[in-house]
$ cat coords.pdb   # PDB, C-alpha atoms, pLDDT in the B column
MODEL        1
ATOM      1  CA  GLU A   1     -59.375 159.194  50.123  1.00 65.00           C
ATOM      2  CA  ALA A   2     -58.183 159.568  46.552  1.00 68.00           C
ATOM      3  CA  ALA A   3     -56.649 162.940  45.729  1.00 91.00           C
ATOM      4  CA  VAL A   4     -57.137 164.633  42.382  1.00 97.00           C
ATOM      5  CA  THR A   5     -55.546 168.064  42.109  1.00 97.00           C
ATOM      6  CA  GLN A   6     -56.304 170.495  39.319  1.00 98.00           C
ATOM      7  CA  SER A   7     -54.442 173.654  38.371  1.00 97.00           C
ATOM      8  CA  PRO A   8     -55.047 176.435  37.868  1.00 97.00           C
ATOM      9  CA  ARG A   9     -58.356 176.786  39.702  1.00 97.00           C
ATOM     10  CA  ASN A  10     -59.309 179.799  37.640  1.00 98.00           C
ATOM     11  CA  LYS A  11     -58.110 180.958  34.245  1.00 98.00           C
ATOM     12  CA  VAL A  12     -59.062 183.802  31.922  1.00 98.00           C
ATOM     13  CA  THR A  13     -57.816 183.816  28.348  1.00 97.00           C
ATOM     14  CA  VAL A  14     -58.614 185.594  25.103  1.00 97.00           C
ATOM     15  CA  THR A  15     -60.266 184.147  22.034  1.00 97.00           C
ATOM     16  CA  GLY A  16     -57.625 182.330  19.998  1.00 97.00           C
ATOM     17  CA  GLY A  17     -55.399 181.873  23.001  1.00 96.00           C
ATOM     18  CA  ASN A  18     -53.536 178.734  24.027  1.00 96.00           C
ATOM     19  CA  VAL A  19     -54.501 177.145  27.357  1.00 97.00           C
ATOM     20  CA  THR A  20     -53.329 174.064  29.241  1.00 98.00           C
ATOM     21  CA  LEU A  21     -55.262 172.675  32.194  1.00 98.00           C
ATOM     22  CA  SER A  22     -53.370 170.310  34.478  1.00 98.00           C
ATOM     23  CA  CYS A  23     -54.468 167.384  36.589  1.00 98.00           C
ATOM     24  CA  ARG A  24     -52.500 165.174  38.934  1.00 98.00           C
ATOM     25  CA  GLN A  25     -53.685 162.173  40.906  1.00 96.00           C
ATOM     26  CA  THR A  26     -51.515 160.591  43.566  1.00 92.00           C
ATOM     27  CA  ASN A  27     -53.243 157.230  43.961  1.00 89.00           C
ATOM     28  CA  SER A  28     -51.724 155.392  41.012  1.00 88.00           C
ATOM     29  CA  HIS A  29     -55.106 155.152  39.344  1.00 93.00           C
ATOM     30  CA  ASN A  30     -55.143 153.738  35.842  1.00 93.00           C
ATOM     31  CA  TYR A  31     -58.024 155.743  34.436  1.00 95.00           C
ATOM     32  CA  MET A  32     -58.225 159.518  34.147  1.00 96.00           C
ATOM     33  CA  TYR A  33     -60.929 161.679  32.608  1.00 97.00           C
ATOM     34  CA  TRP A  34     -61.679 165.263  31.610  1.00 98.00           C
ATOM     35  CA  TYR A  35     -65.259 166.504  31.860  1.00 98.00           C
ATOM     36  CA  ARG A  36     -66.809 169.889  31.270  1.00 98.00           C
ATOM     37  CA  GLN A  37     -69.766 171.087  33.303  1.00 97.00           C
ATOM     38  CA  ASP A  38     -72.313 173.516  31.903  1.00 95.00           C
ATOM     39  CA  THR A  39     -75.719 174.567  33.168  1.00 89.00           C
ATOM     40  CA  GLY A  40     -78.383 172.622  31.316  1.00 88.00           C
ATOM     41  CA  HIS A  41     -75.907 169.995  30.143  1.00 91.00           C
ATOM     42  CA  GLY A  42     -74.529 168.439  33.295  1.00 92.00           C
ATOM     43  CA  LEU A  43     -71.117 166.799  32.983  1.00 96.00           C
ATOM     44  CA  ARG A  44     -69.903 165.779  29.550  1.00 96.00           C
ATOM     45  CA  LEU A  45     -66.843 163.643  28.821  1.00 96.00           C
ATOM     46  CA  ILE A  46     -64.163 165.281  26.681  1.00 98.00           C
ATOM     47  CA  HIS A  47     -61.236 162.823  26.723  1.00 97.00           C
ATOM     48  CA  TYR A  48     -60.033 159.967  28.876  1.00 96.00           C
ATOM     49  CA  SER A  49     -57.045 157.692  29.284  1.00 96.00           C
ATOM     50  CA  TYR A  50     -56.212 154.334  30.798  1.00 93.00           C
ATOM     51  CA  GLY A  51     -52.496 154.856  31.206  1.00 93.00           C
ATOM     52  CA  ALA A  52     -49.453 156.894  30.270  1.00 95.00           C
ATOM     53  CA  GLY A  53     -49.372 157.576  26.546  1.00 95.00           C
ATOM     54  CA  ASN A  54     -52.953 156.397  26.022  1.00 95.00           C
ATOM     55  CA  LEU A  55     -55.753 158.708  24.885  1.00 97.00           C
ATOM     56  CA  GLN A  56     -59.396 157.983  24.147  1.00 95.00           C
ATOM     57  CA  ILE A  57     -61.935 160.345  22.618  1.00 95.00           C
ATOM     58  CA  GLY A  58     -64.974 161.202  24.680  1.00 94.00           C
ATOM     59  CA  ASP A  59     -68.364 162.598  23.758  1.00 93.00           C
ATOM     60  CA  VAL A  60     -67.481 166.280  23.189  1.00 96.00           C
ATOM     61  CA  PRO A  61     -63.850 166.289  21.944  1.00 97.00           C
ATOM     62  CA  ASP A  62     -63.989 169.051  19.315  1.00 97.00           C
ATOM     63  CA  GLY A  63     -61.526 171.853  20.030  1.00 97.00           C
ATOM     64  CA  TYR A  64     -59.677 169.881  22.710  1.00 98.00           C
ATOM     65  CA  LYS A  65     -56.533 167.811  22.837  1.00 98.00           C
ATOM     66  CA  ALA A  66     -55.284 165.831  25.790  1.00 98.00           C
ATOM     67  CA  THR A  67     -52.083 164.136  26.794  1.00 98.00           C
ATOM     68  CA  ARG A  68     -51.280 161.630  29.551  1.00 97.00           C
ATOM     69  CA  THR A  69     -47.585 162.033  30.217  1.00 97.00           C
ATOM     70  CA  THR A  70     -47.303 159.798  33.291  1.00 96.00           C
ATOM     71  CA  GLN A  71     -49.533 157.612  35.424  1.00 96.00           C
ATOM     72  CA  GLU A  72     -50.205 160.682  37.577  1.00 96.00           C
ATOM     73  CA  ASP A  73     -50.545 163.531  35.085  1.00 98.00           C
ATOM     74  CA  PHE A  74     -53.261 164.279  32.543  1.00 98.00           C
ATOM     75  CA  PHE A  75     -53.420 167.556  30.609  1.00 98.00           C
ATOM     76  CA  LEU A  76     -56.194 169.196  28.620  1.00 98.00           C
ATOM     77  CA  LEU A  77     -55.083 171.500  25.811  1.00 98.00           C
ATOM     78  CA  LEU A  78     -57.081 174.227  24.098  1.00 97.00           C
ATOM     79  CA  GLU A  79     -54.927 175.495  21.229  1.00 93.00           C
ATOM     80  CA  LEU A  80     -57.358 178.060  19.818  1.00 95.00           C
ATOM     81  CA  ALA A  81     -59.704 178.889  22.662  1.00 97.00           C
ATOM     82  CA  SER A  82     -63.211 180.059  21.807  1.00 98.00           C
ATOM     83  CA  PRO A  83     -65.923 181.647  23.991  1.00 97.00           C
ATOM     84  CA  SER A  84     -67.952 178.427  23.657  1.00 97.00           C
ATOM     85  CA  GLN A  85     -65.243 176.729  25.725  1.00 98.00           C
ATOM     86  CA  THR A  86     -65.991 178.910  28.725  1.00 98.00           C
ATOM     87  CA  SER A  87     -66.905 176.298  31.291  1.00 98.00           C
ATOM     88  CA  LEU A  88     -66.053 174.534  34.534  1.00 98.00           C
ATOM     89  CA  TYR A  89     -63.655 171.664  33.836  1.00 98.00           C
ATOM     90  CA  PHE A  90     -63.310 168.623  36.055  1.00 98.00           C
ATOM     91  CA  CYS A  91     -60.614 166.013  36.068  1.00 98.00           C
ATOM     92  CA  ALA A  92     -61.359 162.605  37.555  1.00 97.00           C
ATOM     93  CA  SER A  93     -59.616 159.302  38.150  1.00 96.00           C
ATOM     94  CA  SER A  94     -60.447 155.723  38.994  1.00 94.00           C
ATOM     95  CA  ASP A  95     -58.479 152.581  39.718  1.00 89.00           C
ATOM     96  CA  GLY A  96     -60.236 150.108  37.471  1.00 79.00           C
ATOM     97  CA  GLN A  97     -63.298 149.282  35.480  1.00 74.00           C
ATOM     98  CA  HIS A  98     -65.683 148.811  38.388  1.00 77.00           C
ATOM     99  CA  THR A  99     -64.344 151.207  40.978  1.00 83.00           C
ATOM    100  CA  GLU A 100     -65.354 154.604  42.299  1.00 89.00           C
ATOM    101  CA  VAL A 101     -64.554 157.655  40.197  1.00 94.00           C
ATOM    102  CA  PHE A 102     -62.998 160.543  42.158  1.00 95.00           C
ATOM    103  CA  PHE A 103     -63.222 164.144  40.989  1.00 97.00           C
ATOM    104  CA  GLY A 104     -61.011 167.168  41.491  1.00 97.00           C
ATOM    105  CA  LYS A 105     -62.334 170.561  42.581  1.00 96.00           C
ATOM    106  CA  GLY A 106     -62.496 171.934  39.060  1.00 97.00           C
ATOM    107  CA  THR A 107     -60.926 174.661  36.924  1.00 98.00           C
ATOM    108  CA  ARG A 108     -63.103 177.560  35.877  1.00 98.00           C
ATOM    109  CA  LEU A 109     -62.056 178.758  32.416  1.00 98.00           C
ATOM    110  CA  THR A 110     -63.321 181.984  30.900  1.00 98.00           C
ATOM    111  CA  VAL A 111     -62.600 182.812  27.258  1.00 98.00           C
ATOM    112  CA  VAL A 112     -63.232 186.489  26.479  1.00 97.00           C
TER     113      VAL A 112
ATOM    114  CA  GLY B   1     -75.082 155.406  22.643  1.00 80.00           C
ATOM    115  CA  ASP B   2     -75.656 155.666  26.370  1.00 87.00           C
ATOM    116  CA  SER B   3     -77.903 158.422  27.664  1.00 91.00           C
ATOM    117  CA  VAL B   4     -79.364 159.558  30.979  1.00 94.00           C
ATOM    118  CA  ILE B   5     -82.312 161.925  31.241  1.00 95.00           C
ATOM    119  CA  GLN B   6     -82.831 163.986  34.398  1.00 95.00           C
ATOM    120  CA  MET B   7     -85.818 166.274  33.971  1.00 90.00           C
ATOM    121  CA  GLN B   8     -85.985 168.166  37.278  1.00 91.00           C
ATOM    122  CA  GLY B   9     -83.694 171.158  36.973  1.00 92.00           C
ATOM    123  CA  GLN B  10     -84.414 172.599  40.412  1.00 96.00           C
ATOM    124  CA  VAL B  11     -86.288 171.428  43.477  1.00 97.00           C
ATOM    125  CA  THR B  12     -87.096 173.804  46.351  1.00 97.00           C
ATOM    126  CA  LEU B  13     -88.103 172.301  49.702  1.00 97.00           C
ATOM    127  CA  SER B  14     -88.371 173.168  53.359  1.00 98.00           C
ATOM    128  CA  GLU B  15     -86.571 171.245  56.084  1.00 97.00           C
ATOM    129  CA  ASN B  16     -88.203 167.885  56.890  1.00 97.00           C
ATOM    130  CA  ASP B  17     -89.888 167.719  53.477  1.00 98.00           C
ATOM    131  CA  PHE B  18     -89.731 164.568  51.362  1.00 97.00           C
ATOM    132  CA  LEU B  19     -87.298 164.531  48.415  1.00 97.00           C
ATOM    133  CA  PHE B  20     -87.824 162.557  45.233  1.00 96.00           C
ATOM    134  CA  ILE B  21     -85.695 162.886  42.097  1.00 96.00           C
ATOM    135  CA  ASN B  22     -85.927 160.527  39.161  1.00 95.00           C
ATOM    136  CA  CYS B  23     -83.928 159.711  36.039  1.00 95.00           C
ATOM    137  CA  THR B  24     -84.363 157.445  33.060  1.00 95.00           C
ATOM    138  CA  TYR B  25     -81.573 155.770  31.166  1.00 92.00           C
ATOM    139  CA  SER B  26     -80.909 154.134  27.824  1.00 91.00           C
ATOM    140  CA  THR B  27     -78.147 151.659  27.053  1.00 87.00           C
ATOM    141  CA  THR B  28     -77.675 148.446  25.146  1.00 85.00           C
ATOM    142  CA  GLY B  29     -75.937 146.572  27.943  1.00 78.00           C
ATOM    143  CA  TYR B  30     -76.170 146.017  31.670  1.00 79.00           C
ATOM    144  CA  PRO B  31     -75.607 149.326  33.442  1.00 83.00           C
ATOM    145  CA  THR B  32     -74.567 150.256  36.924  1.00 87.00           C
ATOM    146  CA  LEU B  33     -76.398 153.336  38.181  1.00 89.00           C
ATOM    147  CA  PHE B  34     -75.154 156.060  40.500  1.00 93.00           C
ATOM    148  CA  TRP B  35     -76.132 159.205  42.318  1.00 95.00           C
ATOM    149  CA  TYR B  36     -73.471 161.875  42.741  1.00 97.00           C
ATOM    150  CA  VAL B  37     -73.735 164.995  44.906  1.00 97.00           C
ATOM    151  CA  GLN B  38     -71.881 168.248  44.310  1.00 97.00           C
ATOM    152  CA  TYR B  39     -71.589 170.864  47.045  1.00 96.00           C
ATOM    153  CA  SER B  40     -70.744 174.459  46.245  1.00 94.00           C
ATOM    154  CA  GLY B  41     -67.104 174.869  45.228  1.00 93.00           C
ATOM    155  CA  GLU B  42     -66.434 171.139  45.166  1.00 95.00           C
ATOM    156  CA  GLY B  43     -66.299 168.405  42.580  1.00 96.00           C
ATOM    157  CA  PRO B  44     -68.981 165.727  42.355  1.00 97.00           C
ATOM    158  CA  GLN B  45     -68.688 162.903  44.875  1.00 96.00           C
ATOM    159  CA  LEU B  46     -70.324 159.523  44.964  1.00 95.00           C
ATOM    160  CA  LEU B  47     -73.469 159.381  47.076  1.00 95.00           C
ATOM    161  CA  LEU B  48     -74.949 156.032  46.114  1.00 91.00           C
ATOM    162  CA  GLN B  49     -74.417 153.137  43.772  1.00 88.00           C
ATOM    163  CA  VAL B  50     -77.332 151.015  42.668  1.00 83.00           C
ATOM    164  CA  THR B  51     -76.470 147.791  40.945  1.00 69.00           C
ATOM    165  CA  THR B  52     -79.179 146.293  38.844  1.00 63.00           C
ATOM    166  CA  ALA B  53     -78.714 143.046  40.747  1.00 57.00           C
ATOM    167  CA  ASN B  54     -80.039 144.262  44.071  1.00 57.00           C
ATOM    168  CA  ASN B  55     -82.057 147.233  42.861  1.00 66.00           C
ATOM    169  CA  LYS B  56     -81.541 149.428  45.918  1.00 71.00           C
ATOM    170  CA  GLY B  57     -78.870 151.391  47.771  1.00 76.00           C
ATOM    171  CA  SER B  58     -78.783 153.733  50.755  1.00 82.00           C
ATOM    172  CA  SER B  59     -76.369 156.237  52.288  1.00 84.00           C
ATOM    173  CA  ARG B  60     -76.536 159.271  54.617  1.00 87.00           C
ATOM    174  CA  GLY B  61     -80.318 158.951  54.870  1.00 92.00           C
ATOM    175  CA  PHE B  62     -80.750 158.855  51.085  1.00 95.00           C
ATOM    176  CA  GLU B  63     -82.199 155.839  49.356  1.00 93.00           C
ATOM    177  CA  ALA B  64     -81.939 154.937  45.690  1.00 91.00           C
ATOM    178  CA  THR B  65     -84.254 152.579  43.905  1.00 86.00           C
ATOM    179  CA  TYR B  66     -84.248 151.172  40.408  1.00 84.00           C
ATOM    180  CA  ASP B  67     -87.015 149.963  38.135  1.00 84.00           C
ATOM    181  CA  LYS B  68     -85.751 147.792  35.317  1.00 80.00           C
ATOM    182  CA  GLY B  69     -89.164 147.677  33.654  1.00 84.00           C
ATOM    183  CA  THR B  70     -89.272 151.416  33.078  1.00 88.00           C
ATOM    184  CA  THR B  71     -85.435 151.838  32.912  1.00 89.00           C
ATOM    185  CA  SER B  72     -85.693 154.480  35.609  1.00 90.00           C
ATOM    186  CA  PHE B  73     -83.977 155.104  38.909  1.00 89.00           C
ATOM    187  CA  HIS B  74     -84.865 157.372  41.772  1.00 92.00           C
ATOM    188  CA  LEU B  75     -83.299 159.165  44.707  1.00 95.00           C
ATOM    189  CA  GLN B  76     -85.350 159.876  47.793  1.00 95.00           C
ATOM    190  CA  LYS B  77     -84.960 161.121  51.324  1.00 96.00           C
ATOM    191  CA  THR B  78     -87.718 161.176  53.887  1.00 96.00           C
ATOM    192  CA  SER B  79     -86.697 164.356  55.670  1.00 96.00           C
ATOM    193  CA  VAL B  80     -84.267 166.759  54.007  1.00 97.00           C
ATOM    194  CA  GLN B  81     -82.114 169.219  55.937  1.00 97.00           C
ATOM    195  CA  GLU B  82     -80.601 172.531  54.923  1.00 97.00           C
ATOM    196  CA  ILE B  83     -77.163 170.876  54.645  1.00 96.00           C
ATOM    197  CA  ASP B  84     -78.554 168.684  51.857  1.00 97.00           C
ATOM    198  CA  SER B  85     -78.710 171.735  49.573  1.00 97.00           C
ATOM    199  CA  ALA B  86     -76.507 170.771  46.625  1.00 97.00           C
ATOM    200  CA  VAL B  87     -76.631 169.597  43.021  1.00 97.00           C
ATOM    201  CA  TYR B  88     -77.572 165.949  42.552  1.00 97.00           C
ATOM    202  CA  TYR B  89     -76.579 164.044  39.438  1.00 97.00           C
ATOM    203  CA  CYS B  90     -77.741 160.667  38.268  1.00 96.00           C
ATOM    204  CA  ALA B  91     -75.159 158.756  36.291  1.00 95.00           C
ATOM    205  CA  MET B  92     -74.719 155.475  34.520  1.00 92.00           C
ATOM    206  CA  ARG B  93     -71.755 153.250  33.727  1.00 90.00           C
ATOM    207  CA  GLY B  94     -72.464 151.197  30.635  1.00 82.00           C
ATOM    208  CA  ASP B  95     -70.690 148.195  29.169  1.00 76.00           C
ATOM    209  CA  SER B  96     -68.282 150.081  26.922  1.00 75.00           C
ATOM    210  CA  GLY B  97     -65.408 149.736  29.385  1.00 75.00           C
ATOM    211  CA  TYR B  98     -62.922 152.264  30.795  1.00 81.00           C
ATOM    212  CA  ASN B  99     -65.270 152.906  33.737  1.00 85.00           C
ATOM    213  CA  LYS B 100     -66.856 155.817  31.831  1.00 89.00           C
ATOM    214  CA  LEU B 101     -69.796 157.640  33.392  1.00 93.00           C
ATOM    215  CA  THR B 102     -72.688 159.261  31.538  1.00 93.00           C
ATOM    216  CA  PHE B 103     -74.378 161.952  33.607  1.00 95.00           C
ATOM    217  CA  GLY B 104     -77.804 163.524  33.695  1.00 95.00           C
ATOM    218  CA  LYS B 105     -78.118 167.318  33.626  1.00 96.00           C
ATOM    219  CA  GLY B 106     -78.317 167.661  37.396  1.00 96.00           C
ATOM    220  CA  THR B 107     -80.976 168.762  39.883  1.00 97.00           C
ATOM    221  CA  VAL B 108     -80.327 171.780  42.099  1.00 97.00           C
ATOM    222  CA  LEU B 109     -81.820 171.115  45.529  1.00 98.00           C
ATOM    223  CA  LEU B 110     -82.529 174.153  47.686  1.00 97.00           C
ATOM    224  CA  VAL B 111     -83.667 173.467  51.250  1.00 98.00           C
ATOM    225  CA  SER B 112     -84.838 176.365  53.364  1.00 97.00           C
ATOM    226  CA  PRO B 113     -84.775 176.195  57.175  1.00 94.00           C
TER     227      PRO B 113
ENDMDL
END

$ encode --input "coords.pdb" --output "structure tokens"
Amino acid sequence: EAAVTQSPRNKVTVTGGNVTLSCRQTNSHNYMYWYRQDTGHGLRLIHYSYGAGNLQIGDVPDGYKATRTTQEDFFLLLELASPSQTSLYFCASSDGQHTEVFFGKGTRLTVV
Amino acid sequence: GDSVIQMQGQVTLSENDFLFINCTYSTTGYPTLFWYVQYSGEGPQLLLQVTTANNKGSSRGFEATYDKGTTSFHLQKTSVQEIDSAVYYCAMRGDSGYNKLTFGKGTVLLVSP
């Protein structure tokens, strides 16, 4: 079973604050993704990557940066957090273009 | 771009009732369709994959069907149990590459004993 580990699991920050969400997968998967989950919107893709140093823009990228430092590690950065970014964030990974996508347990971010 | 519409926000059933959830999709290519399930406190996990080639999939008592004519796909279970209470998402992988998934808004299933 593929393992995707997110940290922290919960985070509270103030408006204008700087936040980094971390994700690590230990299955040498090529593809990694960041989604946000909101009631009434389902899961929406923020950024994704197909390898270290690669970054692709998803469907809702505004206000977010991401960086893939290694095959295992993918980070989501909020440099000026806003209350609209209060959400449940999921990291996911997959091995290739037609393989199962595995999700982490999520990070709940609250911006006050 | 790709889109998936899932209209049922919440479904409330009793044990042994019949479950039916449907989604419609829009894409320019040849999609692969999925159902994901999310239990409380967990991330989404794959429940079923439905390839357009064979039009049907089944797992854990759930069955998924696909209708190319109406670009819709459905999840059903003959007799739900309380442990099936969860959020169910339909999703689609289009032809754009990178194994990206587009999700519907999710259906909260509540099953009472």

$ residues_around --input "coords.pdb" --residues "B:Arg93" --least-positions-apart "2" --cutoff "10 Å" --atoms "all atoms listed in the file" --output "ChimeraX atom specification"
/A:97-98 /B:2,27,29-34,91,95-103

$ closest_residue --input "coords.pdb" --among "B:Gln49, B:Ser26, B:Ser85, B:Ser14" --to "B:Gly1" --atoms "all atoms listed in the file"
B:Ser26

$ atom_distance --input "coords.pdb" --atom1 "atom CA of B:Gly104" --atom2 "atom CA of A:Phe102"
17.3 Å

$ closest_residue --input "coords.pdb" --among "A:Gly16, A:Pro83, A:Gly42, A:Gly96" --to "B:Gly106" --atoms "only C-alpha atoms"
A:Gly42

$ residues_near_point --input "coords.pdb" --point "(-85.0, 156.7, 29.9)" --cutoff "8 Å" --atoms "all atoms listed in the file" --output "ChimeraX atom specification"
/B:3-5,23-26,70-72

$ resolve_selection --input "coords.pdb" --expression "the ChimeraX specification (/B :<6) & /A" --output "PDB file with C-alpha atoms, in the frame of the given file"
ATOM      1  CA  GLY A  40     -78.383 172.622  31.316  1.00 88.00           C
ATOM      2  CA  HIS A  41     -75.907 169.995  30.143  1.00 91.00           C
ATOM      3  CA  GLY A  42     -74.529 168.439  33.295  1.00 92.00           C
ATOM      4  CA  LEU A  43     -71.117 166.799  32.983  1.00 96.00           C
ATOM      5  CA  GLN A  97     -63.298 149.282  35.480  1.00 74.00           C
ATOM      6  CA  PHE A 103     -63.222 164.144  40.989  1.00 97.00           C
ATOM      7  CA  GLY A 104     -61.011 167.168  41.491  1.00 97.00           C
ATOM      8  CA  LYS A 105     -62.334 170.561  42.581  1.00 96.00           C
TER       9      LYS A 105
END

$ residues_around --input "coords.pdb" --residues "stretch 48-65 of chain A" --least-positions-apart "2" --cutoff "9 Å" --atoms "all atoms listed in the file" --output "PyMOL selection string"
(chain A and resi 29-36+44-46+67-82+85+96) or (chain B and resi 98+100)

$ closest_residue --input "coords.pdb" --among "B:Tyr88, B:Lys68, B:Glu82, B:Leu75" --to "B:Leu13" --atoms "all atoms listed in the file"
B:Glu82
